[in-house]
>>> print(open('final_22.txt').read())   # compact mmCIF, C-alpha atoms and all ligand atoms
# COMPACT_ATOMS: atom_id res chain seq x y z
CA MET A 1 10.70 32.29 22.04
CA SER A 2 8.67 29.41 23.37
CA LYS A 3 9.03 26.05 21.76
CA PRO A 4 6.33 24.55 19.51
CA LYS A 5 4.12 22.03 21.26
CA LEU A 6 3.66 18.39 20.35
CA ALA A 7 0.59 16.39 21.41
CA THR A 8 0.17 12.65 20.88
CA CYS A 9 -2.68 10.18 21.23
CA SER A 10 -3.19 6.46 20.80
CA LEU A 11 -6.66 5.65 19.44
CA ALA A 12 -7.30 2.14 18.09
CA GLY A 13 -3.61 1.28 18.10
CA CYS A 14 -1.24 -0.86 20.13
CA PHE A 15 1.10 1.87 21.38
CA GLY A 16 3.76 0.48 19.05
CA CYS A 17 3.95 3.80 17.22
CA HIS A 18 4.57 5.59 20.53
CA MET A 19 7.22 3.00 21.33
CA SER A 20 8.85 3.76 18.01
CA LEU A 21 8.81 7.46 18.85
CA LEU A 22 10.69 6.65 22.05
CA ASP A 23 13.02 4.45 20.03
CA ILE A 24 14.80 7.54 18.66
CA ASP A 25 17.22 6.89 21.55
CA GLU A 26 19.46 9.79 22.50
CA ARG A 27 17.79 12.00 19.91
CA ILE A 28 15.02 12.28 22.49
CA LEU A 29 17.20 14.94 24.10
CA GLU A 30 17.14 16.85 20.83
CA LEU A 31 13.38 16.30 20.61
CA VAL A 32 12.76 17.98 23.96
CA GLU A 33 14.89 20.87 22.75
CA LEU A 34 12.65 21.17 19.70
CA PHE A 35 9.22 20.53 21.24
CA ASP A 36 7.36 20.90 24.48
CA LEU A 37 5.25 17.83 25.07
CA ASP A 38 1.62 18.76 25.55
CA ARG A 39 -1.36 16.43 25.86
CA SER A 40 0.04 12.91 25.53
CA PRO A 41 -0.05 9.50 27.20
CA LEU A 42 3.69 9.97 27.67
CA ASP A 43 3.22 12.78 30.22
CA ASP A 44 -0.33 11.75 31.13
CA LYS A 45 -1.71 15.17 30.33
CA LYS A 46 -5.34 14.47 29.59
CA ALA A 47 -6.73 17.67 28.06
CA PHE A 48 -5.68 20.59 25.89
CA ASP A 49 -5.51 24.00 27.51
CA SER A 50 -4.02 25.88 24.57
CA PRO A 51 -3.38 25.46 20.84
CA VAL A 52 -0.67 23.01 19.84
CA GLU A 53 1.47 23.01 16.70
CA VAL A 54 1.72 19.29 15.94
CA GLY A 55 -0.65 16.42 16.78
CA PHE A 56 0.73 12.87 16.41
CA VAL A 57 -2.17 10.46 15.89
CA GLU A 58 -1.63 6.74 16.40
CA GLY A 59 -4.54 4.44 15.55
CA GLY A 60 -7.81 4.78 13.69
CA CYS A 61 -11.28 5.12 15.21
CA ALA A 62 -12.88 1.93 16.54
CA ASN A 63 -15.19 3.52 19.11
CA GLU A 64 -16.93 6.78 19.96
CA HIS A 65 -14.23 7.72 22.44
CA ASN A 66 -11.60 7.54 19.67
CA VAL A 67 -13.76 9.86 17.56
CA ARG A 68 -14.08 12.39 20.39
CA VAL A 69 -10.34 12.42 21.04
CA LEU A 70 -9.56 12.77 17.33
CA HIS A 71 -11.98 15.69 16.95
CA ASP A 72 -10.38 17.31 19.98
CA PHE A 73 -6.96 16.90 18.39
CA ARG A 74 -8.18 18.40 15.13
CA LYS A 75 -9.62 21.36 17.03
CA HIS A 76 -6.44 22.10 18.96
CA CYS A 77 -3.60 21.08 16.64
CA LYS A 78 -2.44 23.21 13.77
CA VAL A 79 -1.05 20.19 11.95
CA LEU A 80 -2.24 16.60 12.36
CA ILE A 81 -0.05 13.74 11.32
CA ALA A 82 -1.45 10.20 11.02
CA VAL A 83 1.26 7.83 12.20
CA GLY A 84 1.29 4.13 11.37
CA ALA A 85 -0.87 1.66 9.49
CA CYS A 86 -3.70 1.77 12.07
CA ALA A 87 -4.19 5.52 11.69
CA ILE A 88 -3.72 5.39 7.93
CA ASN A 89 -5.89 2.43 6.94
CA GLY A 90 -7.25 0.94 10.14
CA GLY A 91 -4.47 -1.64 10.44
CA VAL A 92 -4.98 -4.74 12.56
CA PRO A 93 -8.19 -3.51 14.28
CA ALA A 94 -9.77 -3.03 10.85
CA LEU A 95 -9.52 -6.77 10.21
CA ARG A 96 -13.02 -6.86 11.66
CA ASN A 97 -14.40 -4.56 8.96
CA PRO A 98 -15.11 -7.13 6.25
CA ILE A 99 -16.74 -9.46 8.81
CA GLY A 100 -19.05 -7.01 10.50
CA LEU A 101 -19.33 -5.91 14.13
CA ARG A 102 -22.24 -8.09 15.25
CA GLU A 103 -20.76 -11.29 13.91
CA CYS A 104 -17.37 -10.51 15.49
CA LEU A 105 -18.84 -9.77 18.90
CA GLU A 106 -21.32 -12.64 18.97
CA THR A 107 -18.72 -15.13 17.84
CA THR A 108 -16.22 -13.88 20.41
CA TYR A 109 -18.51 -13.62 23.42
CA ALA A 110 -21.31 -16.05 22.71
CA GLY A 111 -19.97 -18.69 20.34
CA GLY A 112 -22.16 -17.20 17.61
CA THR A 113 -25.50 -17.70 19.41
CA PRO A 114 -26.15 -15.33 22.32
CA ASP A 115 -28.47 -16.51 25.12
CA ALA A 116 -29.14 -15.56 28.75
CA ASP A 117 -25.72 -16.74 29.89
CA HIS A 118 -23.63 -15.84 26.87
CA PHE A 119 -23.94 -12.32 25.60
CA VAL A 120 -21.99 -9.37 24.35
CA PRO A 121 -20.92 -7.28 27.38
CA TYR A 122 -22.53 -3.88 27.71
CA ASP A 123 -21.86 -1.21 30.27
CA ALA A 124 -22.19 2.55 30.28
CA ASP A 125 -18.44 2.75 30.93
CA LEU A 126 -17.55 0.81 27.78
CA PRO A 127 -17.12 3.11 24.81
CA LEU A 128 -19.62 2.30 22.11
CA LEU A 129 -17.97 0.46 19.22
CA LEU A 130 -18.39 1.91 15.75
CA ASP A 131 -19.87 -0.16 12.92
CA ARG A 132 -16.38 -0.43 11.51
CA VAL A 133 -12.88 0.86 12.19
CA TYR A 134 -12.25 4.14 10.38
CA PRO A 135 -8.86 5.41 9.22
CA ALA A 136 -8.17 8.78 10.85
CA HIS A 137 -8.56 10.73 7.61
CA GLU A 138 -12.11 9.39 7.18
CA VAL A 139 -13.03 11.14 10.45
CA VAL A 140 -11.11 14.44 10.36
CA ARG A 141 -8.79 16.19 7.93
CA ILE A 142 -5.27 14.84 8.22
CA ASP A 143 -2.36 16.93 7.00
CA TYR A 144 0.43 14.37 6.74
CA PHE A 145 0.88 10.60 6.83
CA LEU A 146 3.79 8.59 8.18
CA PRO A 147 3.29 4.96 7.19
CA GLY A 148 4.76 1.84 8.80
CA CYS A 149 3.82 -0.61 11.51
CA PRO A 150 5.26 1.14 13.28
CA PRO A 151 7.16 3.70 11.24
CA SER A 152 10.80 3.31 12.20
CA ALA A 153 12.27 5.70 14.74
CA ASP A 154 14.28 7.21 11.90
CA ALA A 155 11.13 7.78 9.85
CA ILE A 156 9.36 9.43 12.78
CA TRP A 157 12.38 11.57 13.55
CA GLU A 158 12.72 12.57 9.90
CA GLY A 159 9.00 13.39 9.68
CA LEU A 160 8.91 15.50 12.83
CA LYS A 161 12.03 17.43 11.90
CA GLU A 162 10.72 18.19 8.42
CA LEU A 163 7.42 19.37 9.87
CA LEU A 164 9.18 21.64 12.29
CA ALA A 165 11.21 23.13 9.47
CA GLY A 166 7.94 23.92 7.73
CA ARG A 167 8.52 21.35 4.99
CA THR A 168 6.23 18.58 3.77
CA PRO A 169 7.58 15.44 5.36
CA GLY A 170 8.45 13.22 2.40
CA LEU A 171 10.31 10.08 3.41
CA PRO A 172 13.35 8.90 1.47
CA TYR A 173 12.93 5.49 -0.22
CA GLN A 174 14.72 3.56 2.53
CA LEU A 175 12.36 4.88 5.21
CA LEU A 176 9.06 4.65 3.33
CA LYS A 177 7.62 1.31 4.49
CA TYR A 178 4.13 -0.04 4.99
CA ASP A 179 5.29 -2.69 7.46
CA MET B 1 18.99 -10.18 -43.15
CA SER B 2 17.52 -8.82 -39.96
CA ALA B 3 14.60 -6.42 -40.10
CA PRO B 4 15.57 -2.74 -39.81
CA ALA B 5 15.20 -1.07 -36.43
CA LEU B 6 12.21 1.17 -35.86
CA ARG B 7 12.97 4.59 -34.47
CA PHE B 8 10.59 6.33 -32.13
CA SER B 9 10.79 8.61 -29.12
CA VAL B 10 9.94 8.31 -25.44
CA ASP B 11 9.60 11.58 -23.52
CA GLY B 12 11.67 13.21 -26.24
CA ALA B 13 14.55 10.73 -26.17
CA PRO B 14 15.26 8.62 -29.27
CA VAL B 15 14.69 4.87 -28.86
CA GLU B 16 15.11 1.99 -31.28
CA ALA B 17 12.86 -1.06 -31.43
CA LYS B 18 13.21 -4.36 -33.18
CA ALA B 19 10.43 -5.15 -35.60
CA GLY B 20 7.41 -6.59 -33.83
CA GLN B 21 8.29 -5.28 -30.39
CA THR B 22 5.71 -3.68 -28.18
CA ILE B 23 6.46 -0.31 -26.59
CA ILE B 24 7.16 -1.92 -23.22
CA GLU B 25 9.57 -4.46 -24.76
CA ALA B 26 11.52 -1.81 -26.63
CA CYS B 27 11.64 0.46 -23.57
CA ASP B 28 12.80 -2.39 -21.32
CA ASP B 29 15.64 -3.05 -23.77
CA ALA B 30 16.52 0.63 -23.79
CA GLY B 31 16.52 0.85 -19.99
CA ILE B 32 13.42 3.02 -19.80
CA TYR B 33 11.07 1.80 -17.10
CA ILE B 34 7.35 1.93 -17.71
CA PRO B 35 5.47 1.02 -14.50
CA ARG B 36 3.50 -2.23 -14.75
CA LEU B 37 1.86 -4.82 -12.53
CA CYS B 38 0.40 -7.42 -14.88
CA TYR B 39 3.26 -7.84 -17.33
CA ARG B 40 6.06 -10.41 -17.41
CA ALA B 41 8.38 -10.43 -20.40
CA ASP B 42 8.09 -14.22 -20.89
CA LEU B 43 4.29 -14.41 -20.72
CA PRO B 44 1.70 -13.12 -23.17
CA PRO B 45 0.65 -9.56 -22.24
CA GLY B 46 -2.83 -9.04 -20.83
CA GLY B 47 -3.31 -5.27 -20.81
CA GLN B 48 -5.18 -5.74 -17.56
CA CYS B 49 -3.75 -3.40 -14.91
CA ARG B 50 -3.47 -0.31 -17.17
CA LEU B 51 -0.53 0.98 -15.16
CA CYS B 52 1.68 1.00 -18.28
CA THR B 53 -0.70 3.37 -20.03
CA CYS B 54 1.31 5.93 -21.99
CA LYS B 55 0.31 8.54 -24.49
CA VAL B 56 1.16 7.57 -28.05
CA ASN B 57 0.94 10.52 -30.41
CA GLY B 58 -1.28 12.13 -27.78
CA ARG B 59 -3.65 9.20 -27.26
CA TYR B 60 -3.77 6.77 -24.34
CA ALA B 61 -2.43 3.29 -25.07
CA ALA B 62 -1.29 0.40 -22.88
CA ALA B 63 2.41 -0.01 -23.62
CA CYS B 64 2.37 -3.79 -23.04
CA VAL B 65 -0.02 -4.46 -25.93
CA THR B 66 0.81 -1.62 -28.31
CA PRO B 67 3.37 -2.40 -31.00
CA VAL B 68 5.99 0.17 -31.90
CA THR B 69 5.35 1.79 -35.25
CA PRO B 70 7.81 4.15 -36.94
CA ALA B 71 8.27 7.64 -35.50
CA ILE B 72 5.59 7.45 -32.79
CA ALA B 73 6.03 9.96 -29.95
CA VAL B 74 5.48 8.19 -26.63
CA GLU B 75 4.90 10.07 -23.38
CA ASN B 76 5.72 7.95 -20.33
CA ASP B 77 7.11 9.86 -17.37
CA THR B 78 5.00 13.01 -17.36
CA PRO B 79 3.25 14.70 -14.42
CA GLU B 80 -0.13 13.82 -15.92
CA LEU B 81 0.62 10.12 -16.35
CA ARG B 82 2.37 9.95 -13.00
CA ALA B 83 -0.75 11.33 -11.31
CA GLU B 84 -3.00 8.87 -13.12
CA ARG B 85 -0.79 5.91 -12.26
CA ASN B 86 -0.79 7.03 -8.66
CA THR B 87 -4.57 6.91 -8.66
CA ILE B 88 -4.61 3.42 -10.19
CA VAL B 89 -2.32 2.16 -7.44
CA GLU B 90 -4.41 3.85 -4.75
CA MET B 91 -7.58 2.30 -6.15
CA LEU B 92 -5.98 -1.15 -6.05
CA PHE B 93 -5.18 -0.64 -2.37
CA VAL B 94 -8.68 0.45 -1.32
CA GLU B 95 -10.53 -2.08 -3.47
CA GLY B 96 -8.95 -5.02 -1.66
CA ASN B 97 -7.66 -5.66 1.83
CA HIS B 98 -3.94 -5.03 2.09
CA PRO B 99 -2.54 -5.64 5.57
CA CYS B 100 1.10 -5.03 4.58
CA PRO B 101 2.36 -5.18 8.20
CA PHE B 102 1.80 -8.93 8.33
CA CYS B 103 1.42 -9.95 4.69
CA GLU B 104 3.83 -12.67 3.62
CA LYS B 105 4.53 -10.83 0.38
CA SER B 106 5.61 -7.60 2.04
CA GLY B 107 8.99 -6.41 0.79
CA ASN B 108 8.62 -8.53 -2.33
CA CYS B 109 5.27 -7.25 -3.52
CA ASP B 110 4.99 -5.34 -6.79
CA LEU B 111 1.93 -3.34 -5.69
CA GLN B 112 3.58 -2.19 -2.48
CA ALA B 113 6.84 -1.52 -4.32
CA MET B 114 5.01 0.57 -6.90
CA ALA B 115 3.52 2.68 -4.12
CA TYR B 116 7.01 3.10 -2.65
CA ARG B 117 8.42 4.05 -6.03
CA PHE B 118 5.68 6.64 -6.42
CA GLY B 119 6.44 7.97 -2.92
CA LEU B 120 2.88 7.32 -1.78
CA SER B 121 2.67 7.78 2.00
CA ALA B 122 -1.06 7.01 2.13
CA THR B 123 -4.22 7.06 0.07
CA GLU B 124 -7.22 9.15 1.04
CA LEU B 125 -9.62 7.22 -1.17
CA THR B 126 -12.29 5.44 0.85
CA TYR B 127 -11.33 1.92 1.85
CA GLN B 128 -13.89 -0.64 0.69
CA PHE B 129 -13.04 -3.45 3.13
CA PRO B 130 -14.56 -6.11 0.85
CA ASN B 131 -15.34 -9.52 2.27
CA ARG B 132 -13.33 -11.89 0.08
CA ASP B 133 -12.86 -15.65 0.31
CA ILE B 134 -9.66 -17.41 1.11
CA ASP B 135 -8.86 -20.93 -0.12
CA ALA B 136 -6.78 -23.06 2.23
CA THR B 137 -7.78 -26.40 0.74
CA HIS B 138 -4.45 -27.14 -0.90
CA PRO B 139 -1.73 -28.61 1.33
CA GLU B 140 1.06 -26.55 -0.22
CA ILE B 141 -0.44 -23.46 -1.82
CA PHE B 142 -2.63 -20.85 -0.17
CA LEU B 143 -4.99 -18.45 -1.91
CA ASP B 144 -5.86 -15.17 -0.19
CA ARG B 145 -8.22 -13.25 -2.45
CA ASN B 146 -8.07 -10.23 -0.13
CA THR B 147 -4.97 -9.02 -1.93
CA CYS B 148 -5.84 -10.14 -5.48
CA ILE B 149 -5.58 -7.25 -7.94
CA LEU B 150 -7.13 -9.22 -10.81
CA CYS B 151 -4.03 -8.85 -12.92
CA GLY B 152 -4.57 -12.17 -14.70
CA LEU B 153 -0.90 -13.21 -14.52
CA CYS B 154 -1.72 -16.53 -12.85
CA ILE B 155 -4.27 -17.29 -15.54
CA ARG B 156 -1.81 -16.60 -18.35
CA ALA B 157 1.04 -18.41 -16.58
CA SER B 158 -1.06 -21.50 -15.97
CA ARG B 159 -2.16 -21.66 -19.60
CA SER B 160 0.94 -20.68 -21.50
CA ALA B 161 3.80 -21.72 -19.20
CA ASP B 162 2.30 -24.69 -17.33
CA GLY B 163 -0.05 -26.01 -20.01
CA LYS B 164 -2.85 -26.14 -17.45
CA ALA B 165 -5.92 -24.02 -16.74
CA VAL B 166 -5.92 -23.74 -12.97
CA PHE B 167 -7.14 -20.14 -12.68
CA GLY B 168 -9.82 -17.98 -14.24
CA PHE B 169 -12.07 -15.03 -13.50
CA GLU B 170 -15.75 -15.26 -12.68
CA ASN B 171 -18.45 -12.57 -12.62
CA ARG B 172 -17.97 -9.22 -14.28
CA GLY B 173 -17.19 -5.59 -13.50
CA ALA B 174 -16.78 -4.74 -9.82
CA ARG B 175 -17.83 -8.31 -8.89
CA THR B 176 -15.04 -9.98 -10.86
CA GLN B 177 -13.10 -12.43 -8.77
CA LEU B 178 -10.44 -15.06 -9.12
CA THR B 179 -11.71 -18.62 -9.35
CA VAL B 180 -10.09 -22.03 -9.69
CA ASN B 181 -10.86 -24.85 -12.03
CA SER B 182 -12.50 -27.18 -9.49
CA PRO B 183 -15.54 -27.13 -7.22
CA ASP B 184 -13.28 -28.44 -4.44
CA GLY B 185 -11.05 -25.39 -4.46
CA LEU B 186 -7.36 -25.28 -5.20
CA ALA B 187 -6.90 -28.81 -3.80
CA GLY B 188 -9.10 -30.13 -6.60
CA THR B 189 -6.89 -28.65 -9.33
CA ASP B 190 -3.65 -29.98 -10.78
CA ILE B 191 -1.55 -27.02 -9.63
CA ALA B 192 1.94 -27.88 -8.34
CA THR B 193 4.36 -25.76 -6.34
CA ALA B 194 6.86 -25.87 -9.21
CA ASP B 195 4.33 -24.31 -11.59
CA ARG B 196 4.94 -20.84 -12.90
CA ALA B 197 1.41 -19.98 -11.79
CA ALA B 198 2.34 -20.67 -8.18
CA ALA B 199 5.20 -18.17 -8.30
CA VAL B 200 3.95 -15.45 -10.63
CA CYS B 201 1.50 -13.53 -8.43
CA PRO B 202 2.76 -9.95 -8.03
CA VAL B 203 0.94 -9.58 -4.69
CA GLY B 204 0.25 -11.86 -1.74
CA CYS B 205 -2.72 -13.75 -3.17
CA ILE B 206 -1.00 -16.97 -4.28
CA VAL B 207 1.60 -18.04 -1.75
CA VAL B 208 3.49 -21.29 -1.36
CA LYS B 209 3.05 -22.42 2.22
CA GLY B 210 6.04 -22.65 4.52
CA THR B 211 8.06 -20.02 2.65
CA GLY B 212 6.75 -16.83 4.27
CA TYR B 213 8.98 -14.36 6.08
CA GLU B 214 12.09 -16.26 4.97
CA THR B 215 13.99 -13.11 4.08
CA PRO B 216 14.58 -10.72 6.96
CA TYR B 217 13.26 -7.17 6.97
CA GLY B 218 15.81 -4.92 5.31
CA GLU B 219 17.06 -7.62 2.94
CA ARG B 220 13.94 -8.26 0.89
CA PRO B 221 14.09 -7.39 -2.82
CA TYR B 222 12.37 -4.01 -2.59
CA ASP B 223 14.17 -3.09 0.62
CA ARG B 224 17.31 -3.14 -1.48
CA GLN B 225 16.19 -1.28 -4.57
CA PRO B 226 13.04 0.23 -6.05
CA ILE B 227 10.93 -1.71 -8.51
CA GLY B 228 12.14 -0.98 -12.03
CA ALA B 229 15.69 -0.18 -10.94
CA ASP B 230 16.96 -3.33 -12.68
CA ILE B 231 15.54 -2.12 -15.98
CA GLU B 232 16.79 1.44 -15.50
CA ALA B 233 20.28 0.09 -14.81
CA GLN B 234 20.37 -1.00 -18.49
CA ARG B 235 19.99 2.54 -19.74
CA HIS B 236 22.85 3.74 -21.83
CA PRO B 237 24.29 6.93 -20.34
CA SER B 238 24.20 8.64 -23.74
CA ALA B 239 20.41 8.20 -23.95
CA GLU B 240 19.62 11.66 -22.62
CA ARG B 241 16.16 13.07 -22.42
CA LYS B 242 15.88 16.11 -24.62
CA ASP B 243 13.31 17.87 -22.49
CA ALA B 244 14.17 19.07 -19.01
CA ASP B 245 12.38 17.51 -16.04
CA VAL B 246 8.79 17.67 -17.23
S1 LIG A 301 0.59 0.89 13.16
FE1 LIG A 301 1.42 -1.00 14.05
S2 LIG A 301 2.72 -0.27 15.70
FE2 LIG A 301 1.38 1.45 15.17
S3 LIG A 301 -0.39 1.23 16.54
FE3 LIG A 301 -0.88 0.12 14.68
S4 LIG A 301 -0.28 -2.01 15.08
FE4 LIG A 301 0.72 -0.72 16.61
S1 LIG A 302 -0.20 -7.96 -1.31
FE1 LIG A 302 1.36 -6.38 -1.24
S2 LIG A 302 0.22 -4.49 -0.96
FE2 LIG A 302 -1.14 -6.17 -0.43
S3 LIG A 302 -0.89 -6.50 1.76
FE3 LIG A 302 0.55 -7.85 0.77
S4 LIG A 302 2.45 -6.68 0.69
FE4 LIG A 302 0.81 -5.21 1.08
S1 LIG A 303 -4.07 -14.20 -7.88
FE1 LIG A 303 -2.30 -12.89 -8.17
S2 LIG A 303 -1.64 -13.35 -10.26
FE2 LIG A 303 -3.72 -14.10 -10.08
S3 LIG A 303 -5.05 -12.42 -10.79
FE3 LIG A 303 -4.87 -12.23 -8.57
S4 LIG A 303 -3.17 -10.82 -8.27
FE4 LIG A 303 -3.00 -11.56 -10.36
>>> encode(input="final_22.txt", output="structure tokens", more="lines below")
Ligand code: SF4
Ligand code: SF4
Ligand code: SF4
Amino acid sequence: MSKPKLATCSLAGCFGCHMSLLDIDERILELVELFDLDRSPLDDKKAFDSPVEVGFVEGGCANEHNVRVLHDFRKHCKVLIAVGACAINGGVPALRNPIGLRECLETTYAGGTPDADHFVPYDADLPLLLDRVYPAHEVVRIDYFLPGCPPSADAIWEGLKELLAGRTPGLPYQLLKYD
Amino acid sequence: MSAPALRFSVDGAPVEAKAGQTIIEACDDAGIYIPRLCYRADLPPGGQCRLCTCKVNGRYAAACVTPVTPAIAVENDTPELRAERNTIVEMLFVEGNHPCPFCEKSGNCDLQAMAYRFGLSATELTYQFPNRDIDATHPEIFLDRNTCILCGLCIRASRSADGKAVFGFENRGARTQLTVNSPDGLAGTDIATADRAAAVCPVGCIVVKGTGYETPYGERPYDRQPIGADIEAQRHPSAERKDADV
């Protein structure tokens, strides 16, 4: 029987949640016994070519590219799991939400008052920023949440194993952390 | 002669109260934890957070302000009340800004600990991302309204424990916010770091500067044990619930 497939993506995140996934140390050998890695920055596979059992989503949506990737994950993954504070509530990138996009950009790039020499960069290659940073579940349906910043390697391991066993991943008290 | 004990029940188990005790006081003594965010045993109750809402003879009542009367039947730990308390906690998270990953209060925060106790991995309510003021005017005490849950503890502590009136609420309804008793911000008030009001905040809104992140991750109070575990440790082993796990 072929192994279930695991896809991962980092949207508006810092890759810390992926680092924590790698932090499971030697259990990574067990992980590759359990899953085949599909689309993921870890193997640099850039597109889905078949359905995948589990999608691991790091980060919320800060730009239109994030939204496209997340929709693609929802379309191809049977189960989507939002991993980490950024995916769950926007995390650090969402610090801009109460301030507003225009004010953030103009303050950063133009000292608050744009003119001919000081302006917000624009280029067709830059993904368009969203008005605010959206938690993943505000963009697509998310099946499970693994909180933490990042969730500890133990929490990620626990969550993935539970999922694979067809159980709802509920973390024991010691592993349930928001930081 | 001491007043006779009042007998009542909580989730089917018999409990005794001293005359004049509220439900939460009697339950604390009996080792039965009722979740709460705005209650401290040594301060007047405020009935503000509503987390301690129980059903008393079938009707909702906040346990921190409801006195025990003879033979009342209190429901506390039921699926219905658990679900409603969950929602209250979730609403408190989305109504403010709660960046737990770098909040100084993390690991020692009653709101976060309550979510842990309830096993809440995330909320799917819509985050409001309100734009709230901070107050960094005071040299020793910092006010970050982003995390304020409007529990009123600082107001009650300042009045009744410190004999001052540093804090208050302004506006009403969804616009209610914490204010201080000076147009110059916290620096214009007579608050001192030794005040009860400076230490009482259950979340990360009132913090004494220079004390953050003192306790390492893994050793903070709620890393060690869930909120309420200290009260539950007082429970007498013979105090069995009559009903099975409801
Ligand atoms: S949750 Fe924390 S570790 Fe994960 S992507 Fe966000 S900032 Fe990085
Ligand atoms: S006040 Fe508590 S819940 Fe809010 S950010 Fe700080 S630790 Fe988290
Ligand atoms: S500042 Fe803290 S103690 Fe005061 S009302 Fe807000 S949450 Fe409660």
>>> atom_distance(input="final_22.txt", atom1="atom CA of B:Arg7", atom2="atom CA of B:Ala73")
9.9 Å
>>> atom_distance(input="final_22.txt", atom1="atom CA of A:Asp23", atom2="atom CA of A:Gly170")
20.2 Å
>>> residues_near_ligand(input="final_22.txt", ligand="ligand LIG 301 (chain A)", cutoff="10 Å", atoms="all atoms listed in the file", output="ChimeraX atom specification")
/A:10-20,57-60,82-93,146-152,178-179 /B:101-102
>>> residues_near_ligand(input="final_22.txt", ligand="ligand LIG 302 (chain A)", cutoff="10 Å", atoms="only C-alpha atoms and all ligand atoms", output="ChimeraX atom specification")
/A:178-179 /B:89,92-93,96-115,144-149,201-206
>>> closest_residue(input="final_22.txt", among="B:Ala187, B:Leu120, B:Ala157, B:Ala165", to="chain A", atoms="all atoms listed in the file")
B:Leu120
>>> interface_residues(input="final_22.txt", of="chain B", to="chain A", cutoff="7 Å", atoms="all atoms listed in the file", output="ChimeraX atom specification")
/B:99-101,116,121-122,124,129-131,223
